[in-house]
Amino acid sequence: MPAILFYFSNGNCNTFISSTFELCNYKNYLAMKIFGIGRNYAAHIEELHNERPEEPVIFTKPETALLTRNRPFFYPGFSNDIHFEVEIVLKIDKVGKNIEEKFAHTYYNEIGIGIDFTARDLQTKAKAKGLPWTIAKGFNDSAPISEFVPKENFDLQNLDFSLQQNGKVKQAGNTSLMLFSFDYIIAYLSRFFLLKKGDLIFTGTPKGVGSVAIGDTLSCFIESKKMLQVIIK
Ligand code: MG
């Protein structure tokens, strides 16, 4: 505990090891927000027998959901049905609220790819009772992300992305199939939430979601470039 108290008193990352080191990593993400967009691809809405939304379906994950640098994912004991959902992720790099859709593109410069791991069994239970999805979506390590790359390298309205499970393509999406565009999503979110530099937005998954098993290797691609790998342990 003294180390923890010290950390909050001056934030020096070099003085202590172990628990303090973990906290300093955590500090890098302190106060960031992670948004997820549900039901943004029509074919995925159909595969889960959901209704097509009139406005984006929004959920959040805490920053402790982040899994970076291709670290492995350890299958949690509370679920028997963890699903992968590959998604393009936007990184906000400017503070804003009530952003007009026509200016939304100026609020992010980089994109990445991520997996919105979902405890589908817990989510299905919550949905049946009309309860929040928080634990089904926000558990530890439920948001693996790639490095972020400049968006100007891509045609964002016609961007291919995909996920392979053990070398087989399971999800192959294109952003032209989104119900709500990146710019619309940013404008919409900013009506309710002050967007801040470093906030991340998972923009929805295409069809083909499925269960993972211990031993699986998941690989995620933007266009033909492999950006992220997650081994399930
Ligand atoms: Mg998702």
# chains A, B, ... in the order shown; residues from 1 in each chain; ligands from 1
>>> select_by_dssp(residues="region 23-191 of chain A", states="helix (DSSP H, G or I)", output="JSON, numbers by chain")
{"A": [23, 24, 25, 26, 27, 42, 43, 44, 45, 46, 47, 63, 64, 65, 101, 102, 103, 104, 105, 106, 107, 120, 121, 122, 123, 124, 125, 126, 127, 128, 129, 134, 135, 136, 137, 138, 151, 152, 153, 175, 176, 177, 182, 183, 184, 185, 186, 187, 188, 189, 190, 191]}
>>> residues_around(residues="region 228-233 of chain A", least_positions_apart="2", cutoff="7 Å", atoms="only C-alpha atoms", output="NGL selection string")
:A and (70-75 or 145-146 or 213-220 or 226)
>>> write_last_selection(atoms="N, CA and C atoms", output="mmCIF file, in the first residue's frame")
data_model
loop_
_atom_site.group_PDB
_atom_site.id
_atom_site.type_symbol
_atom_site.label_atom_id
_atom_site.label_comp_id
_atom_site.auth_asym_id
_atom_site.auth_seq_id
_atom_site.Cartn_x
_atom_site.Cartn_y
_atom_site.Cartn_z
ATOM 1 N N ASN A 70 -0.322 -7.434 -28.663
ATOM 2 C CA ASN A 70 -0.513 -8.848 -29.016
ATOM 3 C C ASN A 70 -0.369 -9.793 -27.824
ATOM 4 N N ARG A 71 -0.713 -9.291 -26.654
ATOM 5 C CA ARG A 71 -0.645 -10.169 -25.479
ATOM 6 C C ARG A 71 -1.731 -11.240 -25.584
ATOM 7 N N PRO A 72 -1.512 -12.408 -24.928
ATOM 8 C CA PRO A 72 -2.534 -13.457 -24.991
ATOM 9 C C PRO A 72 -3.780 -13.086 -24.193
ATOM 10 N N PHE A 73 -4.855 -13.756 -24.537
ATOM 11 C CA PHE A 73 -6.129 -13.596 -23.813
ATOM 12 C C PHE A 73 -6.370 -14.876 -23.026
ATOM 13 N N PHE A 74 -6.601 -14.738 -21.742
ATOM 14 C CA PHE A 74 -6.849 -15.909 -20.895
ATOM 15 C C PHE A 74 -8.352 -16.113 -20.740
ATOM 16 N N TYR A 75 -8.814 -17.279 -21.155
ATOM 17 C CA TYR A 75 -10.255 -17.556 -21.165
ATOM 18 C C TYR A 75 -10.803 -17.439 -19.738
ATOM 19 N N ILE A 145 -6.419 -4.422 -28.859
ATOM 20 C CA ILE A 145 -6.298 -3.429 -29.936
ATOM 21 C C ILE A 145 -4.920 -3.516 -30.580
ATOM 22 N N SER A 146 -4.887 -3.115 -31.842
ATOM 23 C CA SER A 146 -3.633 -3.054 -32.605
ATOM 24 C C SER A 146 -2.950 -1.711 -32.338
ATOM 25 N N ALA A 213 -11.860 -20.794 -28.571
ATOM 26 C CA ALA A 213 -11.486 -21.907 -27.699
ATOM 27 C C ALA A 213 -10.030 -21.733 -27.291
ATOM 28 N N ILE A 214 -9.688 -22.293 -26.150
ATOM 29 C CA ILE A 214 -8.293 -22.253 -25.701
ATOM 30 C C ILE A 214 -7.415 -22.922 -26.764
ATOM 31 N N GLY A 215 -6.328 -22.245 -27.103
ATOM 32 C CA GLY A 215 -5.442 -22.745 -28.159
ATOM 33 C C GLY A 215 -5.620 -22.036 -29.483
ATOM 34 N N ASP A 216 -6.742 -21.305 -29.642
ATOM 35 C CA ASP A 216 -6.981 -20.576 -30.896
ATOM 36 C C ASP A 216 -5.975 -19.440 -31.088
ATOM 37 N N THR A 217 -5.711 -19.140 -32.353
ATOM 38 C CA THR A 217 -5.000 -17.917 -32.716
ATOM 39 C C THR A 217 -5.936 -17.073 -33.568
ATOM 40 N N LEU A 218 -6.181 -15.849 -33.118
ATOM 41 C CA LEU A 218 -7.003 -14.912 -33.880
ATOM 42 C C LEU A 218 -6.076 -13.874 -34.515
ATOM 43 N N SER A 219 -6.271 -13.625 -35.804
ATOM 44 C CA SER A 219 -5.463 -12.633 -36.515
ATOM 45 C C SER A 219 -6.398 -11.645 -37.190
ATOM 46 N N CYS A 220 -6.077 -10.362 -37.060
ATOM 47 C CA CYS A 220 -6.956 -9.314 -37.586
ATOM 48 C C CYS A 220 -6.199 -8.475 -38.608
ATOM 49 N N LYS A 226 -1.722 -7.577 -41.704
ATOM 50 C CA LYS A 226 -2.008 -8.131 -40.384
ATOM 51 C C LYS A 226 -1.601 -7.120 -39.329
#
>>> residues_near_ligand(ligand="ligand 1", cutoff="8 Å", atoms="only C-alpha atoms and all ligand atoms", output="ChimeraX atom specification")
/A:36-39,85-87,115-118,202-205
>>> residues_around(residues="Lys102 (chain A)", least_positions_apart="2", cutoff="9 Å", atoms="only C-alpha atoms", output="list in words")
Ile99, Glu100, Ala104, His105, Thr106, Asp183, Tyr184 and Ala187 of chain A
>>> closest_residue(among="A:Lys94, A:Lys170, A:Lys151, A:Arg69", to="Val209 (chain A)", atoms="only C-alpha atoms")
A:Lys170
>>> atom_distance(atom1="CA of Leu48 (chain A)", atom2="CA of Ile201 (chain A)")
21.5 Å
>>> atom_distance(atom1="CA of Thr64 (chain A)", atom2="CA of Pro144 (chain A)")
10.7 Å
>>> select_by_dssp(residues="chain A", states="strand (DSSP E)", output="PyMOL selection string")
chain A and resi 34-38+57-61+66-67+82-84+86-92+108-115+118-119+143-144+149-150+160-165+168-174+200-202+210-211+217-222+225-231
>>> closest_residue(among="A:Asp121, A:Glu110, A:Glu101, A:Asp81", to="Pro150 (chain A)", atoms="only C-alpha atoms")
A:Glu110
>>> closest_residue(among="A:Gly130, A:Gly173, A:Met227, A:Lys207", to="Thr68 (chain A)", atoms="only C-alpha atoms")
A:Met227
>>> atom_distance(atom1="CA of Lys196 (chain A)", atom2="CA of Phe35 (chain A)")
12.0 Å
